[in-house]
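With mmCIF, C-alpha atoms and all ligand atoms inside, this is my_file35.cif:
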```
data_target
loop_
_atom_site.label_atom_id
_atom_site.label_comp_id
_atom_site.auth_asym_id
_atom_site.auth_seq_id
_atom_site.Cartn_x
_atom_site.Cartn_y
_atom_site.Cartn_z
CA VAL A 1202 -19.87 24.86 -12.77
CA PRO A 1203 -16.23 23.92 -12.16
CA VAL A 1204 -14.25 22.84 -15.17
CA SER A 1205 -12.98 19.31 -14.74
CA GLY A 1206 -9.25 18.67 -14.93
CA THR A 1207 -8.23 22.11 -13.67
CA ALA A 1208 -4.93 22.66 -11.91
CA ALA A 1209 -6.66 22.34 -8.54
CA ALA A 1210 -7.54 18.68 -9.06
CA PRO A 1211 -5.57 17.41 -12.02
CA HIS A 1212 -6.04 13.74 -11.18
CA ALA A 1213 -9.67 13.88 -10.07
CA THR A 1214 -10.91 12.11 -13.17
CA ALA A 1215 -7.84 9.98 -13.86
CA PRO A 1216 -8.64 6.39 -14.87
CA SER A 1217 -7.89 3.67 -12.35
CA LEU A 1218 -4.49 2.09 -12.69
CA SER A 1219 -3.87 -1.40 -13.94
CA ALA A 1220 -2.40 -3.84 -11.41
CA LEU A 1221 0.68 -3.92 -13.62
CA HIS A 1222 1.22 -0.16 -13.47
CA PRO A 1223 3.94 -0.43 -10.76
CA VAL A 1224 5.80 -3.02 -12.86
CA VAL A 1225 5.81 -0.75 -15.90
CA GLU A 1226 6.66 2.33 -13.87
CA LEU A 1227 9.67 0.60 -12.29
CA ALA A 1228 10.81 -0.80 -15.64
CA ALA A 1229 10.72 2.79 -17.00
CA GLU A 1230 12.54 4.03 -13.90
CA ARG A 1231 15.25 1.42 -14.43
CA LEU A 1232 15.55 2.55 -18.07
CA ALA A 1233 15.95 6.16 -16.96
CA THR A 1234 19.15 5.07 -15.19
CA ALA A 1235 20.57 4.10 -18.61
CA ASP A 1236 21.05 7.80 -19.36
CA LEU A 1237 23.29 8.09 -16.30
CA VAL A 1238 25.11 4.85 -17.13
CA ALA A 1239 25.75 6.07 -20.67
CA ALA A 1240 27.03 9.40 -19.36
CA ALA A 1241 29.31 7.55 -16.92
CA LYS A 1242 30.75 5.37 -19.71
CA TRP A 1243 30.93 7.99 -22.48
CA GLY A 1244 34.54 8.78 -23.36
CA THR A 1245 35.91 6.05 -21.07
CA ASP A 1246 37.14 2.48 -21.59
CA SER A 1247 34.03 1.08 -19.84
CA PRO A 1248 32.05 -0.82 -22.50
CA ILE A 1249 28.24 -0.69 -22.74
CA ASP A 1250 28.17 -4.50 -22.37
CA ASP A 1251 29.49 -5.72 -19.02
CA PRO A 1252 28.75 -9.49 -18.86
CA ALA A 1253 30.17 -9.92 -15.34
CA ARG A 1254 27.92 -7.19 -13.93
CA GLU A 1255 24.94 -8.66 -15.84
CA GLN A 1256 25.57 -12.06 -14.24
CA GLN A 1257 25.64 -10.40 -10.82
CA VAL A 1258 22.33 -8.64 -11.49
CA LEU A 1259 20.70 -11.87 -12.71
CA ASP A 1260 21.97 -13.91 -9.75
CA ASN A 1261 20.77 -11.24 -7.31
CA VAL A 1262 17.25 -11.04 -8.77
CA ALA A 1263 16.96 -14.84 -8.83
CA ALA A 1264 17.96 -15.03 -5.15
CA GLN A 1265 15.52 -12.25 -4.22
CA ALA A 1266 12.74 -13.93 -6.20
CA GLN A 1267 13.34 -17.17 -4.33
CA GLN A 1268 13.08 -15.34 -0.99
CA LEU A 1269 9.80 -13.75 -2.07
CA GLY A 1270 8.31 -17.03 -3.25
CA ALA A 1271 8.41 -16.05 -6.94
CA ASP A 1272 9.79 -18.22 -9.76
CA PRO A 1273 13.53 -17.39 -10.04
CA ASP A 1274 13.74 -18.54 -13.67
CA GLU A 1275 10.78 -16.39 -14.68
CA ILE A 1276 12.32 -13.37 -12.95
CA ARG A 1277 15.67 -14.06 -14.65
CA VAL A 1278 14.01 -14.08 -18.09
CA ILE A 1279 12.27 -10.78 -17.34
CA PHE A 1280 15.55 -9.25 -16.19
CA ARG A 1281 17.44 -10.37 -19.28
CA ASP A 1282 14.94 -8.11 -21.05
CA GLN A 1283 15.54 -5.23 -18.59
CA ILE A 1284 19.28 -5.49 -19.29
CA GLU A 1285 18.82 -5.64 -23.10
CA ALA A 1286 16.48 -2.64 -22.89
CA ASN A 1287 19.01 -0.72 -20.80
CA LYS A 1288 21.67 -1.34 -23.45
CA ILE A 1289 19.28 -0.19 -26.23
CA VAL A 1290 19.08 3.19 -24.48
CA GLN A 1291 22.86 3.35 -23.92
CA ARG A 1292 23.60 2.50 -27.58
CA GLY A 1293 20.98 5.00 -28.76
CA LEU A 1294 22.52 7.77 -26.66
CA PHE A 1295 26.08 6.92 -27.78
CA GLN A 1296 24.87 7.15 -31.39
CA ARG A 1297 23.14 10.47 -30.68
CA TRP A 1298 26.23 11.90 -28.95
CA THR A 1299 28.49 10.68 -31.77
CA ASP A 1300 26.25 12.33 -34.38
CA HIS A 1301 25.69 15.49 -32.31
CA PRO A 1302 28.71 16.06 -30.06
CA ASP A 1303 27.05 19.20 -28.66
CA ASP A 1304 24.42 16.97 -27.04
CA ALA A 1305 27.02 14.83 -25.25
CA PRO A 1306 27.04 15.06 -21.46
CA THR A 1307 29.50 17.45 -19.86
CA THR A 1308 29.49 15.83 -16.44
CA LYS A 1309 30.39 12.22 -15.75
CA PRO A 1310 28.45 10.43 -12.99
CA ASP A 1311 30.28 7.80 -10.94
CA LEU A 1312 29.26 4.40 -12.36
CA SER A 1313 29.42 2.70 -8.96
CA VAL A 1314 27.01 5.29 -7.54
CA VAL A 1315 24.65 4.88 -10.51
CA ARG A 1316 24.75 1.11 -9.98
CA GLN A 1317 23.59 1.57 -6.38
CA GLU A 1318 20.54 3.39 -7.77
CA ILE A 1319 20.04 0.59 -10.33
CA ASN A 1320 20.18 -1.98 -7.51
CA ARG A 1321 17.49 -0.08 -5.61
CA VAL A 1322 15.14 0.05 -8.62
CA THR A 1323 15.95 -3.56 -9.52
CA SER A 1324 14.96 -4.75 -6.07
CA ALA A 1325 11.70 -2.76 -6.13
CA LEU A 1326 10.92 -4.23 -9.55
CA VAL A 1327 11.47 -7.81 -8.34
CA GLU A 1328 9.03 -7.07 -5.50
CA ALA A 1329 6.45 -5.64 -7.90
CA LEU A 1330 6.84 -8.70 -10.14
CA ALA A 1331 6.46 -11.05 -7.16
CA THR A 1332 3.24 -9.36 -6.00
CA THR A 1333 1.75 -9.48 -9.51
CA THR A 1334 2.42 -13.17 -10.20
CA ASP A 1335 -1.32 -13.89 -10.57
CA ASP A 1336 -1.97 -10.82 -12.76
CA ARG A 1337 0.96 -11.77 -14.98
CA GLY A 1338 -0.45 -15.26 -15.47
CA ALA A 1339 -4.01 -14.10 -16.19
CA VAL A 1340 -5.52 -13.89 -19.69
CA THR A 1341 -5.96 -10.15 -19.07
CA CYS A 1342 -2.20 -9.63 -18.68
CA ARG A 1343 -1.47 -8.33 -22.17
CA PRO A 1344 -4.23 -5.70 -22.33
CA GLU A 1345 -3.44 -4.62 -18.76
CA LEU A 1346 0.23 -4.35 -19.61
CA LEU A 1347 -0.52 -2.31 -22.72
CA LEU A 1348 -2.79 0.03 -20.74
CA ALA A 1349 -0.12 0.50 -18.07
CA ALA A 1350 2.54 1.12 -20.74
CA LEU A 1351 0.38 3.80 -22.39
CA GLN A 1352 -0.17 5.47 -19.01
CA VAL A 1353 3.54 5.46 -18.14
CA HIS A 1354 4.46 6.65 -21.64
CA HIS A 1355 2.15 9.62 -21.04
CA GLU A 1356 3.15 10.26 -17.41
CA ASP A 1357 6.89 10.10 -18.01
CA HIS A 1358 6.87 11.92 -21.40
CA LEU A 1359 9.03 9.12 -22.84
CA ASP A 1360 10.92 9.89 -26.04
CA ALA A 1361 11.06 7.46 -28.99
CA LEU A 1362 14.26 5.78 -27.75
CA HIS A 1363 12.94 5.11 -24.24
CA THR A 1364 9.56 4.01 -25.61
CA ARG A 1365 11.23 1.46 -27.87
CA ALA A 1366 13.38 0.25 -24.98
CA LEU A 1367 10.34 0.02 -22.67
CA ALA A 1368 8.57 -2.22 -25.18
CA ARG A 1369 11.67 -4.44 -25.19
CA ALA A 1370 11.75 -4.46 -21.38
CA LEU A 1371 8.12 -5.63 -21.11
CA ARG A 1372 8.36 -8.48 -23.63
CA SER A 1373 8.23 -11.35 -21.12
CA VAL A 1374 6.18 -9.82 -18.31
CA CYS A 1375 3.09 -11.86 -19.35
CA GLY A 1376 5.17 -14.97 -20.07
CA SER A 1377 7.09 -15.87 -23.20
C1 LIG A 1401 23.60 -0.74 -16.80
C2 LIG A 1401 24.81 -1.16 -17.20
O1 LIG A 1401 25.07 -1.52 -18.54
C3 LIG A 1401 24.72 -2.81 -19.01
C4 LIG A 1401 23.38 -3.16 -18.49
C5 LIG A 1401 23.26 -3.78 -17.26
C6 LIG A 1401 21.94 -3.76 -16.53
O2 LIG A 1401 20.92 -3.37 -17.13
O3 LIG A 1401 21.91 -4.11 -15.33
C7 LIG A 1401 24.38 -4.39 -16.67
C8 LIG A 1401 25.59 -4.39 -17.28
C9 LIG A 1401 25.82 -3.80 -18.63
O4 LIG A 1401 25.91 -4.83 -19.57
C10 LIG A 1401 25.95 -1.22 -16.29
O5 LIG A 1401 27.08 -1.40 -16.77
O6 LIG A 1401 25.76 -1.08 -15.06
#
```

Can the structure from this file be put into structure tokens for me?
Ligand SMILES: C=C(O[C@@H]1C=C(C(=O)O)C=C[C@H]1O)C(=O)O
Amino acid sequence: VPVSGTAAAPHATAPSLSALHPVVELAAERLATADLVAAAKWGTDSPIDDPAREQQVLDNVAAQAQQLGADPDEIRVIFRDQIEANKIVQRGLFQRWTDHPDDAPTTKPDLSVVRQEINRVTSALVEALATTTDDRGAVTCRPELLLAALQVHHEDHLDALHTRALARALRSVCGS
């Protein structure tokens, strides 16, 4: 009798994914870019908070939402949370690197290149939000979101800092 969950078929008995799984996965992917942003800013004059760039991000997602037939204001609110969550990770890493200089990054990514990656994930997340408008308005949204968050937490091996930031990022996904 074959043992279930062996290396040959690791996902054979995996539970089905919640409709909101892509939303959570992309929110986590966007948060993963915060590590690169923090490394790009560490030891430079670039501040963690960049209000002009934030405005650009919010205007872009609102315009994309409009094109996709989603509610631009709703998408803006959700992205304010993505931005706050991103800064939680950056601040957490700055604190960690201040306390433990040996953990500080030794290479500095180019912020403009990292922002291109952020733009890509941002756009995919707006799409995922637009296609889950009905799921996000349903009474099942919160349990589905929690299930998806637990799955992504497990899949991505999120540490405490990224888990806390992910919870912040998902605050308004089911409405406020
Ligand atoms: C990610 C950055 O840091 C902050 C977070 C932003 C975001 O999540 O889009 C935008 C600007 C900054 O306030 C960045 O500077 O690009």

Once 6 Å is added on each side, what are the centre and the three edge lengths, in Å to one decimal, of the axis-aligned box enclosing the listed atoms of ligand LIG 1401 (chain A)? Present them as lines of an AutoDock Vina configuration file.
```
center_x = 24.0
center_y = -2.8
center_z = -17.3
size_x = 18.2
size_y = 16.1
size_z = 16.5
```

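Atom to atom, CA of Thr1323 in chain A and CA of Ile1289 in chain A stand 17.4 Å apart.
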
> So which residues touch range 1343-1349 of chain A within 10 Å, counting all atoms listed in the file, skipping near sequence neighbours fewer than 5 positions away, as a list of chain:residue names?
Replying inline: A:Leu1218, A:Ser1219, A:Ala1220, A:Leu1221, A:His1222, A:Pro1223, A:Val1224, A:Val1225, A:Glu1226, A:Asp1336, A:Arg1337, A:Gly1338, A:His1354, A:His1355, A:Ala1368, A:Leu1371, A:Arg1372, A:Val1374, A:Cys1375, A:Gly1376

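Proximity ranking of A:Asp1246, A:Arg1297, A:Asp1303, A:Asn1320 relative to ligand LIG 1401 (chain A) places A:Asn1320 first, based on all atoms listed in the file.
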
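All residues, whether protein, DNA or RNA, that have an atom at most 7 Å from ligand LIG 1401 (chain A) (counting only C-alpha atoms and all ligand atoms) are A:Ala1235, A:Val1238, A:Ile1249, A:Asp1250, A:Asp1251, A:Pro1252, A:Arg1254, A:Glu1255, A:Val1258, A:Gln1283, A:Ile1284, A:Glu1285, A:Asn1287, A:Lys1288, A:Arg1316.
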
>> Between CA of Leu1294 in chain A and CA of Ser1247 in chain A, what is the distance in Å, rounded to a tenth?
In response: 15.0 Å

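CA of Trp1243 in chain A to CA of Val1314 in chain A spans 15.7 Å [interatomic distance, one decimal].
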
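Distances here use only C-alpha atoms; by that measure, the residue among A:Ala1264, A:Val1290, A:Leu1269, A:Ala1361 closest to Ala1240 in chain A is A:Val1290.
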
Using the partial input, fill out range 1263-1287 of chain A with N, CA and C atoms; write the result as a short mmCIF file (atom, residue, chain, number, x, y, z; two decimals), in the coordinates of the input.
```
data_model
loop_
_atom_site.label_atom_id
_atom_site.label_comp_id
_atom_site.auth_asym_id
_atom_site.auth_seq_id
_atom_site.Cartn_x
_atom_site.Cartn_y
_atom_site.Cartn_z
N ALA A 1263 17.43 -13.46 -9.01
CA ALA A 1263 16.96 -14.84 -8.83
C ALA A 1263 16.91 -15.18 -7.34
N ALA A 1264 17.93 -14.76 -6.60
CA ALA A 1264 17.96 -15.03 -5.15
C ALA A 1264 16.83 -14.28 -4.45
N GLN A 1265 16.60 -13.03 -4.84
CA GLN A 1265 15.52 -12.25 -4.22
C GLN A 1265 14.16 -12.86 -4.55
N ALA A 1266 14.00 -13.31 -5.78
CA ALA A 1266 12.74 -13.93 -6.20
C ALA A 1266 12.45 -15.16 -5.33
N GLN A 1267 13.47 -15.97 -5.15
CA GLN A 1267 13.34 -17.17 -4.33
C GLN A 1267 12.85 -16.82 -2.93
N GLN A 1268 13.48 -15.78 -2.34
CA GLN A 1268 13.08 -15.34 -0.99
C GLN A 1268 11.64 -14.89 -0.94
N LEU A 1269 11.16 -14.29 -2.05
CA LEU A 1269 9.80 -13.75 -2.07
C LEU A 1269 8.78 -14.79 -2.52
N GLY A 1270 9.22 -15.99 -2.80
CA GLY A 1270 8.31 -17.03 -3.25
C GLY A 1270 7.90 -16.91 -4.71
N ALA A 1271 8.67 -16.16 -5.50
CA ALA A 1271 8.41 -16.05 -6.94
C ALA A 1271 9.32 -17.03 -7.68
N ASP A 1272 9.02 -17.27 -8.95
CA ASP A 1272 9.79 -18.22 -9.76
C ASP A 1272 11.10 -17.56 -10.22
N PRO A 1273 12.25 -18.03 -9.71
CA PRO A 1273 13.53 -17.39 -10.04
C PRO A 1273 13.83 -17.39 -11.55
N ASP A 1274 13.45 -18.47 -12.24
CA ASP A 1274 13.74 -18.54 -13.67
C ASP A 1274 12.92 -17.51 -14.46
N GLU A 1275 11.66 -17.37 -14.04
CA GLU A 1275 10.78 -16.39 -14.68
C GLU A 1275 11.34 -14.98 -14.48
N ILE A 1276 11.79 -14.70 -13.26
CA ILE A 1276 12.32 -13.37 -12.95
C ILE A 1276 13.62 -13.13 -13.72
N ARG A 1277 14.44 -14.16 -13.85
CA ARG A 1277 15.67 -14.06 -14.65
C ARG A 1277 15.36 -13.67 -16.10
N VAL A 1278 14.38 -14.35 -16.69
CA VAL A 1278 14.01 -14.08 -18.09
C VAL A 1278 13.56 -12.61 -18.23
N ILE A 1279 12.76 -12.16 -17.29
CA ILE A 1279 12.27 -10.78 -17.34
C ILE A 1279 13.43 -9.79 -17.19
N PHE A 1280 14.41 -10.16 -16.39
CA PHE A 1280 15.55 -9.25 -16.19
C PHE A 1280 16.55 -9.28 -17.33
N ARG A 1281 16.64 -10.39 -18.06
CA ARG A 1281 17.44 -10.37 -19.28
C ARG A 1281 16.90 -9.28 -20.19
N ASP A 1282 15.58 -9.16 -20.24
CA ASP A 1282 14.94 -8.11 -21.05
C ASP A 1282 15.24 -6.70 -20.50
N GLN A 1283 15.24 -6.56 -19.17
CA GLN A 1283 15.54 -5.23 -18.59
C GLN A 1283 16.94 -4.80 -18.99
N ILE A 1284 17.87 -5.78 -18.97
CA ILE A 1284 19.28 -5.49 -19.29
C ILE A 1284 19.41 -5.14 -20.78
N GLU A 1285 18.78 -5.94 -21.66
CA GLU A 1285 18.82 -5.64 -23.10
C GLU A 1285 18.26 -4.25 -23.36
N ALA A 1286 17.14 -3.95 -22.71
CA ALA A 1286 16.48 -2.64 -22.89
C ALA A 1286 17.40 -1.51 -22.44
N ASN A 1287 18.09 -1.73 -21.32
CA ASN A 1287 19.01 -0.72 -20.80
C ASN A 1287 20.11 -0.44 -21.83
#
```
